[in-house]
Amino acid sequence: MHFPFCRGKCAYCALHSHAGRSAAERADYVAGLCAQLEALRRPPDALFETVYFGGGSPALCDLRPLFAALAPYLSSGAEFTVELHPLDVTETLLAELAAGGVTRVSMGVQSLDDAVLRQMGRGYTADEAARRFDLVRARFPNAGIDLIVGWPDDKSEQSHQWSRLADWGLRHCSVYSLILEPGTHLARQVASGRLRLPDDDETMDALRRRTDCLLRMGLERYEISNYAAPGCACRHNLAVWRGEDYLGLGEGAYGRIGRVRTPSGERLSAAEDLKERTLFRLRTSEGLDTAAFPAWRPALDRNVAEGLLTRRGTVYFLTSRGLEVCDAILAEIV
């Protein structure tokens, strides 16, 4: 479920979102989501195994009506994730989430450098984010954060904040490379010369250092951008990368049910559908099984020879070098 409401537009963001919408507009949006759920009439054998509330900032809405509407559709033991902005986090909100069936929280920290947080327009300091995450972790042991790599002049690695990250008790961390999106405040600053983005080599070096730090903290890299403590990988994201069906509700949500993509209504052929569901597995530590696609193996074997992949039987896995160029490998085989 997508919630497109934000306090303000972050400097790097080109996602579908609205800032400054009224409480009434947000309530109407939630009512619309509830109506979509109630119209599903899903049979008992098609309950949701995972639910993910993404944003924007879902907590800018009163989510309690949705919790009630979702309850009949949740399987026993379902994973239920809500993304939170650090400024959303209060003990009252966390209690409401827990009462509504939420089982895990992902908090968007983005940087541990206060100067970078100001430039991004996030509205908090690294110390404040750490305090808010303490509240989250006390209520939701399975909790994690998002970070962005590649912001100009990010000095978090030279500060005490990064060295203290091991004390946060993270069970999950997503680390994304900054993408310069046209039309954003960041793009205008770069175009004017006020900010200089690090080059690809600098960004990859920073990503390697962050990866090493997270691995030392006991997190495993189970997908290119995602790290988790054993048993804490995000089941929702894994389901998507494994090619399972997922329903998207809300203005900016996408889904895939059978061979139909939503909301576009595009219907894939059986061959296209199988290919699409298979390819994304290369991004994960589970690897890409080519049993149904032997024609892909010559290209993949060339990448094995270059040290970008390893192979066990029909299954190929990214090496540490391969993790940096996965998109190029996928482009080669398709």
# chains A, B, ... in the order shown; residues from 1 in each chain; ligands from 1
call {"tool": "residues_around", "arguments": {"residues": "Val136 (chain A)", "least_positions_apart": "4", "cutoff": "10 Å", "atoms": "only C-alpha atoms", "output": "PyMOL selection string"}}
result
chain A and resi 84+86+89-91+93-95+104-107+130-132+140-144
call {"tool": "write_last_selection", "arguments": {"atoms": "N, CA, C and O atoms", "output": "PDB file, in the first residue's frame"}}
result
ATOM      1  N   LEU A  84       8.518   4.342   8.472  1.00  0.00           N
ATOM      2  CA  LEU A  84       8.343   5.524   9.304  1.00  0.00           C
ATOM      3  C   LEU A  84       9.455   6.539   9.048  1.00  0.00           C
ATOM      4  O   LEU A  84      10.619   6.163   8.925  1.00  0.00           O
ATOM      5  N   PRO A  86      11.637   9.374  10.860  1.00  0.00           N
ATOM      6  CA  PRO A  86      11.981   9.525  12.279  1.00  0.00           C
ATOM      7  C   PRO A  86      11.080  10.489  13.037  1.00  0.00           C
ATOM      8  O   PRO A  86      10.777  10.257  14.213  1.00  0.00           O
ATOM      9  N   VAL A  89       7.903   9.111  14.779  1.00  0.00           N
ATOM     10  CA  VAL A  89       7.997   8.120  15.845  1.00  0.00           C
ATOM     11  C   VAL A  89       7.649   8.724  17.200  1.00  0.00           C
ATOM     12  O   VAL A  89       8.335   9.630  17.692  1.00  0.00           O
ATOM     13  N   THR A  90       6.568   8.206  17.793  1.00  0.00           N
ATOM     14  CA  THR A  90       6.202   8.492  19.173  1.00  0.00           C
ATOM     15  C   THR A  90       5.764   7.181  19.811  1.00  0.00           C
ATOM     16  O   THR A  90       5.402   6.225  19.108  1.00  0.00           O
ATOM     17  N   GLU A  91       5.778   7.137  21.135  1.00  0.00           N
ATOM     18  CA  GLU A  91       5.334   5.927  21.807  1.00  0.00           C
ATOM     19  C   GLU A  91       3.858   5.650  21.526  1.00  0.00           C
ATOM     20  O   GLU A  91       3.450   4.490  21.390  1.00  0.00           O
ATOM     21  N   LEU A  93       2.142   6.410  18.724  1.00  0.00           N
ATOM     22  CA  LEU A  93       2.024   5.831  17.381  1.00  0.00           C
ATOM     23  C   LEU A  93       2.478   4.376  17.380  1.00  0.00           C
ATOM     24  O   LEU A  93       1.812   3.505  16.805  1.00  0.00           O
ATOM     25  N   LEU A  94       3.604   4.085  18.009  1.00  0.00           N
ATOM     26  CA  LEU A  94       4.117   2.725  17.993  1.00  0.00           C
ATOM     27  C   LEU A  94       3.141   1.761  18.661  1.00  0.00           C
ATOM     28  O   LEU A  94       2.972   0.621  18.205  1.00  0.00           O
ATOM     29  N   ALA A  95       2.482   2.212  19.713  1.00  0.00           N
ATOM     30  CA  ALA A  95       1.470   1.372  20.363  1.00  0.00           C
ATOM     31  C   ALA A  95       0.309   1.103  19.416  1.00  0.00           C
ATOM     32  O   ALA A  95      -0.228  -0.022  19.360  1.00  0.00           O
ATOM     33  N   ARG A 104       6.901  -5.317  11.992  1.00  0.00           N
ATOM     34  CA  ARG A 104       8.240  -4.781  11.770  1.00  0.00           C
ATOM     35  C   ARG A 104       8.154  -3.343  11.263  1.00  0.00           C
ATOM     36  O   ARG A 104       7.147  -2.958  10.654  1.00  0.00           O
ATOM     37  N   VAL A 105       9.216  -2.581  11.520  1.00  0.00           N
ATOM     38  CA  VAL A 105       9.270  -1.170  11.136  1.00  0.00           C
ATOM     39  C   VAL A 105      10.561  -0.918  10.374  1.00  0.00           C
ATOM     40  O   VAL A 105      11.629  -1.428  10.733  1.00  0.00           O
ATOM     41  N   SER A 106      10.449  -0.121   9.308  1.00  0.00           N
ATOM     42  CA  SER A 106      11.614   0.352   8.564  1.00  0.00           C
ATOM     43  C   SER A 106      11.639   1.872   8.661  1.00  0.00           C
ATOM     44  O   SER A 106      10.707   2.541   8.203  1.00  0.00           O
ATOM     45  N   MET A 107      12.691   2.420   9.287  1.00  0.00           N
ATOM     46  CA  MET A 107      12.780   3.860   9.517  1.00  0.00           C
ATOM     47  C   MET A 107      13.755   4.483   8.527  1.00  0.00           C
ATOM     48  O   MET A 107      14.903   4.038   8.404  1.00  0.00           O
ATOM     49  N   ALA A 130      18.754   8.416  16.140  1.00  0.00           N
ATOM     50  CA  ALA A 130      19.140   7.315  17.024  1.00  0.00           C
ATOM     51  C   ALA A 130      18.174   7.185  18.196  1.00  0.00           C
ATOM     52  O   ALA A 130      17.780   6.067  18.579  1.00  0.00           O
ATOM     53  N   ARG A 131      17.769   8.320  18.772  1.00  0.00           N
ATOM     54  CA  ARG A 131      16.823   8.267  19.899  1.00  0.00           C
ATOM     55  C   ARG A 131      15.470   7.721  19.445  1.00  0.00           C
ATOM     56  O   ARG A 131      14.846   6.913  20.157  1.00  0.00           O
ATOM     57  N   ARG A 132      15.013   8.149  18.286  1.00  0.00           N
ATOM     58  CA  ARG A 132      13.733   7.653  17.788  1.00  0.00           C
ATOM     59  C   ARG A 132      13.811   6.154  17.494  1.00  0.00           C
ATOM     60  O   ARG A 132      12.851   5.413  17.723  1.00  0.00           O
ATOM     61  N   PHE A 140       9.358  -2.865  18.607  1.00  0.00           N
ATOM     62  CA  PHE A 140       9.471  -3.769  17.457  1.00  0.00           C
ATOM     63  C   PHE A 140      10.911  -4.263  17.345  1.00  0.00           C
ATOM     64  O   PHE A 140      11.746  -3.605  16.710  1.00  0.00           O
ATOM     65  N   PRO A 141      11.239  -5.389  17.941  1.00  0.00           N
ATOM     66  CA  PRO A 141      12.614  -5.897  17.858  1.00  0.00           C
ATOM     67  C   PRO A 141      13.091  -6.097  16.422  1.00  0.00           C
ATOM     68  O   PRO A 141      14.276  -5.930  16.123  1.00  0.00           O
ATOM     69  N   ASN A 142      12.156  -6.459  15.517  1.00  0.00           N
ATOM     70  CA  ASN A 142      12.521  -6.633  14.114  1.00  0.00           C
ATOM     71  C   ASN A 142      12.364  -5.288  13.411  1.00  0.00           C
ATOM     72  O   ASN A 142      11.325  -4.989  12.821  1.00  0.00           O
ATOM     73  N   ALA A 143      13.396  -4.469  13.506  1.00  0.00           N
ATOM     74  CA  ALA A 143      13.337  -3.113  12.939  1.00  0.00           C
ATOM     75  C   ALA A 143      14.650  -2.796  12.245  1.00  0.00           C
ATOM     76  O   ALA A 143      15.710  -3.323  12.590  1.00  0.00           O
ATOM     77  N   GLY A 144      14.562  -1.908  11.250  1.00  0.00           N
ATOM     78  CA  GLY A 144      15.766  -1.525  10.515  1.00  0.00           C
ATOM     79  C   GLY A 144      15.653  -0.117   9.984  1.00  0.00           C
ATOM     80  O   GLY A 144      14.679   0.606  10.262  1.00  0.00           O
TER      81      GLY A 144
END
call {"tool": "residues_around", "arguments": {"residues": "Ala166 (chain A)", "least_positions_apart": "2", "cutoff": "12 Å", "atoms": "only C-alpha atoms", "output": "list in words"}}
result
Ala130, His160, Gln161, Trp162, Ser163, Arg164, Trp168, Gly169, Leu170, Arg171, His172, Cys173, Arg210, Cys213, Leu214, Leu215, Arg216, Met217, Gly218 and Leu219 of chain A
call {"tool": "select_by_dssp", "arguments": {"residues": "region 285-324 of chain A", "states": "strand (DSSP E)", "output": "ChimeraX atom specification"}}
result
/A:288-289,309-312,315-318
call {"tool": "closest_residue", "arguments": {"among": "A:Ser17, A:Thr103, A:Asn237, A:Thr50", "to": "His2 (chain A)", "atoms": "only C-alpha atoms"}}
result
A:Ser17
call {"tool": "residues_around", "arguments": {"residues": "region 177-182 of chain A", "least_positions_apart": "2", "cutoff": "9 Å", "atoms": "only C-alpha atoms", "output": "list of chain:residue names"}}
result
A:Tyr12, A:Cys13, A:Ala14, A:Leu147, A:Ile148, A:Val149, A:Gly150, A:Trp151, A:Val175, A:Thr184, A:His185, A:Leu186, A:Ala187, A:Arg188, A:Val190, A:Leu197, A:Thr203, A:Met204, A:Leu207, A:Ser225
call {"tool": "closest_residue", "arguments": {"among": "A:Asp245, A:Gly183, A:Cys6, A:Ser22", "to": "Val260 (chain A)", "atoms": "only C-alpha atoms"}}
result
A:Asp245
call {"tool": "closest_atom_pairs", "arguments": {"of": "region 49-145 of chain A", "to": "region 29-44 of chain A", "cutoff": "12 Å", "atoms": "only C-alpha atoms", "output": "Markdown table"}}
result
| residue | atom | partner | partner_atom | distance |
| --- | --- | --- | --- | --- |
| A:Glu49 | CA | A:Pro44 | CA | 11.9 |
| A:Phe53 | CA | A:Leu33 | CA | 11.6 |
| A:Pro58 | CA | A:Val30 | CA | 10.0 |
| A:Ala59 | CA | A:Val30 | CA | 11.3 |
| A:Leu60 | CA | A:Val30 | CA | 10.8 |
| A:Cys61 | CA | A:Val30 | CA | 7.4 |
| A:Asp62 | CA | A:Val30 | CA | 7.8 |
| A:Leu63 | CA | A:Val30 | CA | 7.3 |
| A:Arg64 | CA | A:Val30 | CA | 9.4 |
| A:Pro65 | CA | A:Cys34 | CA | 7.3 |
| A:Leu66 | CA | A:Cys34 | CA | 5.8 |
| A:Phe67 | CA | A:Cys34 | CA | 9.1 |
| A:Ala68 | CA | A:Cys34 | CA | 8.8 |
| A:Ala69 | CA | A:Cys34 | CA | 5.9 |
| A:Leu70 | CA | A:Leu37 | CA | 7.2 |
| A:Ala71 | CA | A:Leu37 | CA | 10.4 |
| A:Pro72 | CA | A:Pro44 | CA | 9.1 |
| A:Tyr73 | CA | A:Arg42 | CA | 7.3 |
| A:Leu74 | CA | A:Pro44 | CA | 9.6 |
| A:Ser75 | CA | A:Pro44 | CA | 8.8 |
| A:Ser76 | CA | A:Pro44 | CA | 11.4 |
call {"tool": "closest_residue", "arguments": {"among": "A:Gly265, A:Gly252, A:Gly287, A:Pro198", "to": "Glu223 (chain A)", "atoms": "only C-alpha atoms"}}
result
A:Gly287
call {"tool": "atom_distance", "arguments": {"atom1": "CA of Leu279 (chain A)", "atom2": "CA of Leu330 (chain A)"}}
result
7.4 Å
call {"tool": "select_by_dssp", "arguments": {"residues": "region 79-324 of chain A", "states": "helix (DSSP H, G or I)", "output": "PyMOL selection string"}}
result
chain A and resi 86-88+91-99+114-120+126-139+156-158+160-168+185-192+200-216+235-241+270-283+294-305+322-324
call {"tool": "atom_distance", "arguments": {"atom1": "CA of Arg209 (chain A)", "atom2": "CA of Leu238 (chain A)"}}
result
24.6 Å
call {"tool": "atom_distance", "arguments": {"atom1": "CA of Val116 (chain A)", "atom2": "CA of Ala19 (chain A)"}}
result
21.1 Å
call {"tool": "residues_around", "arguments": {"residues": "region 295-306 of chain A", "least_positions_apart": "3", "cutoff": "10 Å", "atoms": "only C-alpha atoms", "output": "count of residues only"}}
result
19
